[in-house]
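Structure record follows, encoded as structure tokens.
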Amino acid sequence: MPSLVLIRGGGDLATGVAIRLLRSGLRVVITELQQPLAVRRTVSFAEAIYSDEINIEGFTAMRVNDPADSLRILGILSKGQVPVLVDPLCSAAKFLHPAVIVDGRMTKQPPEPIGYSPVLYIGLGPGFEAGVNCQVVIETRRSHTLGRVIWVGGTEADTGLPDGDRRRVLRSPGDGELKIFVKIGDRVEMDQIIAEVDGEKVIAPMSGVVRGLLHPGLTISRGLKIGDIDPRGDPRLCQLVSDKALSIGGGVLEAILSKTELRAQLWI
């Protein structure tokens with residue numbers, strides 16, 4: 001049986017990586033938080049944690065409550081599906097023995113030790129330095145170097161700013177429970193009420209389509225990204241993995257294929 005690729009995090013960028021690998025014939029397992037904070041939920045395998053199952057571009061992901069439930073994990077894999085484990089500490093790595101781990105959590109911090117060393121540990125974006133806390137890093141900043149495979153050093157520094165028009169990103173105005181008044185894919189107008197956090201309203205800063213929203217009911221903190229408005233106004237784009245995510249996925253695939261010893265383990 002071929003070995004696995006384990007992806008830490010199931011947000012939209014990590015999901016783009018997963019789909020690139022799945023289309024290339026690899027088996028993928030994802031680990032996530034008990035309450036994931038993915039914003040682009042319609043294209044994030046992390047959403048399976050809330051809905052038990054999600055289908056994205058023809059691939060189905062299924063929630064697994066117990067990361068030690070190897071029978072359920074293998075059963076999902078045997079159907080060509082993606083197990084999404086409630087496993088923030090990545091404890092499953094110790095018994096799944098993935099040949100590759102891709103850290104796609106986008107914490108922008110160095111990773112904590114997990115007590116397991118795969119053949120190849122790949123980090124996505126800032127916080128990783130090849131040869132220090134991973135073996136290879138993939139550039140995630142939208143630029144001329146997006147998707148580049150970095151074997152020495154790290155990526156460009158995190159600017160803390162979103163791509164494109166900065167107004168498109170919605171952030172929490174305070175601490176408290178998130179209430180949502182629209183759906184992903186809805187058309188909204190400038191100054192329309194999008195959400196509310198502990199009585200404080202989140203207002204649309206521009207007209208467009210709601211491209212992403214955190215799961216309603218979460219208890220969140222001030223400044224956290226809670227949504228995304230796309231001024232292009234095409235709701236079909238809410239169901240498609242982004243060009244950025246697929247580019248990063250291409251970089252991950254290149255890094256894996258560059259290790260000749262991995263090919264026989266992953267493709268049988």
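Order determines the names: the first chain of the structure tokens is A, the second B, and so forth; residues in each chain are numbered 1 upward, and ligands are numbered 1 upward as they are shown.
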(request) DSSP on the backbone, then: every residue of stretch 104-202 of chain A marked strand (DSSP E or B), written as number ranges by chain. (result) A: 120-124, 129-130, 134, 136-138, 149-150, 153-154, 169-171, 176-180, 187-188, 193-197, 200-202
How would the residues just chosen look if you wrote them out with N, CA and C atoms as an mmCIF file, in the first residue's frame?
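To be explicit, this is the file written out as out26.cif:
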```
data_model
loop_
_atom_site.group_PDB
_atom_site.id
_atom_site.type_symbol
_atom_site.label_atom_id
_atom_site.label_comp_id
_atom_site.auth_asym_id
_atom_site.auth_seq_id
_atom_site.Cartn_x
_atom_site.Cartn_y
_atom_site.Cartn_z
ATOM 1 N N LEU A 120 9.961 13.859 4.315
ATOM 2 C CA LEU A 120 9.965 15.249 3.839
ATOM 3 C C LEU A 120 8.926 16.053 4.607
ATOM 4 N N TYR A 121 9.376 17.132 5.260
ATOM 5 C CA TYR A 121 8.479 18.065 5.949
ATOM 6 C C TYR A 121 8.500 19.366 5.162
ATOM 7 N N ILE A 122 7.330 19.757 4.662
ATOM 8 C CA ILE A 122 7.194 20.945 3.820
ATOM 9 C C ILE A 122 6.410 21.997 4.578
ATOM 10 N N GLY A 123 6.942 23.219 4.632
ATOM 11 C CA GLY A 123 6.237 24.327 5.273
ATOM 12 C C GLY A 123 5.702 25.300 4.244
ATOM 13 N N LEU A 124 4.522 25.813 4.500
ATOM 14 C CA LEU A 124 3.926 26.804 3.604
ATOM 15 C C LEU A 124 4.011 28.192 4.230
ATOM 16 N N GLU A 129 11.755 27.934 7.860
ATOM 17 C CA GLU A 129 13.077 28.141 7.283
ATOM 18 C C GLU A 129 13.664 26.784 6.939
ATOM 19 N N ALA A 130 13.909 26.579 5.656
ATOM 20 C CA ALA A 130 14.437 25.297 5.194
ATOM 21 C C ALA A 130 15.766 24.996 5.855
ATOM 22 N N CYS A 134 12.085 22.831 8.928
ATOM 23 C CA CYS A 134 11.492 22.009 7.872
ATOM 24 C C CYS A 134 12.596 21.743 6.849
ATOM 25 N N VAL A 136 11.905 22.040 3.377
ATOM 26 C CA VAL A 136 11.649 22.881 2.211
ATOM 27 C C VAL A 136 10.449 23.767 2.503
ATOM 28 N N VAL A 137 10.476 24.974 1.932
ATOM 29 C CA VAL A 137 9.410 25.953 2.126
ATOM 30 C C VAL A 137 8.823 26.322 0.767
ATOM 31 N N ILE A 138 7.513 26.575 0.745
ATOM 32 C CA ILE A 138 6.846 27.040 -0.469
ATOM 33 C C ILE A 138 6.401 28.480 -0.250
ATOM 34 N N VAL A 149 9.727 26.842 -4.834
ATOM 35 C CA VAL A 149 10.213 25.850 -3.886
ATOM 36 C C VAL A 149 11.565 26.331 -3.356
ATOM 37 N N ILE A 150 11.657 26.504 -2.036
ATOM 38 C CA ILE A 150 12.837 27.095 -1.407
ATOM 39 C C ILE A 150 13.523 26.035 -0.548
ATOM 40 N N GLY A 153 16.811 28.677 3.336
ATOM 41 C CA GLY A 153 16.226 29.931 3.805
ATOM 42 C C GLY A 153 14.721 29.871 3.903
ATOM 43 N N GLY A 154 14.098 31.061 3.899
ATOM 44 C CA GLY A 154 12.650 31.151 4.067
ATOM 45 C C GLY A 154 11.993 31.965 2.979
ATOM 46 N N VAL A 169 -11.192 42.464 3.165
ATOM 47 C CA VAL A 169 -11.094 41.589 4.331
ATOM 48 C C VAL A 169 -11.923 42.158 5.474
ATOM 49 N N LEU A 170 -12.803 41.331 6.032
ATOM 50 C CA LEU A 170 -13.639 41.708 7.161
ATOM 51 C C LEU A 170 -13.010 41.174 8.441
ATOM 52 N N ARG A 171 -12.934 42.017 9.469
ATOM 53 C CA ARG A 171 -12.331 41.602 10.736
ATOM 54 C C ARG A 171 -13.301 41.850 11.890
ATOM 55 N N GLY A 176 -16.307 38.086 21.235
ATOM 56 C CA GLY A 176 -17.644 37.570 21.492
ATOM 57 C C GLY A 176 -18.090 36.568 20.459
ATOM 58 N N GLU A 177 -19.391 36.245 20.508
ATOM 59 C CA GLU A 177 -19.962 35.259 19.585
ATOM 60 C C GLU A 177 -20.256 35.893 18.235
ATOM 61 N N LEU A 178 -19.912 35.150 17.187
ATOM 62 C CA LEU A 178 -20.110 35.626 15.820
ATOM 63 C C LEU A 178 -21.506 35.242 15.322
ATOM 64 N N LYS A 179 -22.276 36.250 14.910
ATOM 65 C CA LYS A 179 -23.577 36.033 14.276
ATOM 66 C C LYS A 179 -23.476 36.467 12.819
ATOM 67 N N ILE A 180 -23.958 35.631 11.924
ATOM 68 C CA ILE A 180 -23.841 35.881 10.488
ATOM 69 C C ILE A 180 -25.231 36.146 9.906
ATOM 70 N N ARG A 187 -24.725 38.266 -2.911
ATOM 71 C CA ARG A 187 -24.337 39.600 -3.355
ATOM 72 C C ARG A 187 -24.687 40.598 -2.259
ATOM 73 N N VAL A 188 -23.741 41.453 -1.874
ATOM 74 C CA VAL A 188 -23.993 42.467 -0.850
ATOM 75 C C VAL A 188 -23.625 43.837 -1.399
ATOM 76 N N ILE A 193 -25.208 45.222 6.453
ATOM 77 C CA ILE A 193 -24.762 44.493 7.643
ATOM 78 C C ILE A 193 -24.454 43.050 7.259
ATOM 79 N N ILE A 194 -23.240 42.632 7.527
ATOM 80 C CA ILE A 194 -22.786 41.283 7.193
ATOM 81 C C ILE A 194 -22.879 40.356 8.402
ATOM 82 N N ALA A 195 -22.452 40.869 9.543
ATOM 83 C CA ALA A 195 -22.371 40.040 10.739
ATOM 84 C C ALA A 195 -22.412 40.933 11.969
ATOM 85 N N GLU A 196 -22.364 40.269 13.127
ATOM 86 C CA GLU A 196 -22.375 40.981 14.394
ATOM 87 C C GLU A 196 -21.540 40.188 15.400
ATOM 88 N N VAL A 197 -20.751 40.885 16.191
ATOM 89 C CA VAL A 197 -19.951 40.243 17.240
ATOM 90 C C VAL A 197 -20.248 40.957 18.551
ATOM 91 N N GLU A 200 -21.740 44.336 18.209
ATOM 92 C CA GLU A 200 -21.072 45.268 17.292
ATOM 93 C C GLU A 200 -21.216 44.770 15.865
ATOM 94 N N LYS A 201 -21.672 45.636 14.975
ATOM 95 C CA LYS A 201 -21.970 45.241 13.606
ATOM 96 C C LYS A 201 -20.725 45.237 12.729
ATOM 97 N N VAL A 202 -20.730 44.312 11.768
ATOM 98 C CA VAL A 202 -19.698 44.260 10.727
ATOM 99 C C VAL A 202 -20.369 44.696 9.440
#
```
(request) If you run DSSP over the backbone, which residues in stretch 8-254 of chain A end up alpha helix (DSSP H)? Put them as a PyMOL selection string. (result) chain A and resi 12-23+48-51+70-78+93-96+243-254
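Atom CA of A:Phe181 is positioned 14.0 Å from atom CA of A:Leu218.
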(request) Determine, counting only C-alpha atoms, which protein, DNA and RNA residues have an atom within 9 Å of an atom of A:Met62; residues of the same chain fewer than 2 positions away are not included. Present the result as a list in words. (result) Phe45, Ala48, Ile49, Ser51, Asp52, Glu53, Ile54, Thr60, Val64, Ile76, Gln81, Val82, Pro83, Val84 and Leu85 of chain A
(message) At a cut-off of 7 Å, using only C-alpha atoms, what residues contact stretch 101-117 of chain A? Leave out same-chain residues fewer than 4 positions from it and give the result as an MDAnalysis selection string.
(response) chainID A and resid 5:9 14 89:90 93:94 121:128 133
(message) Taking only C-alpha atoms into account, name the residue in A:Ser24, A:His215, A:Trp151, A:Gly185 that is nearest to A:Ser258.
(response) A:Trp151
(request) Take atom CA of A:Val28 and atom CA of A:Val100 and report the distance between them in Å, one decimal. (result) 9.7 Å
(message) Report as a PyMOL selection string all protein, DNA and RNA residues lying within 9 Å of stretch 33-42 of chain A, evaluated on only C-alpha atoms, omitting residues in the same chain fewer than 5 positions from it.
(response) chain A and resi 9-12+47+49-50+54-56+85-89+184+211-215+218+225-228+238-240
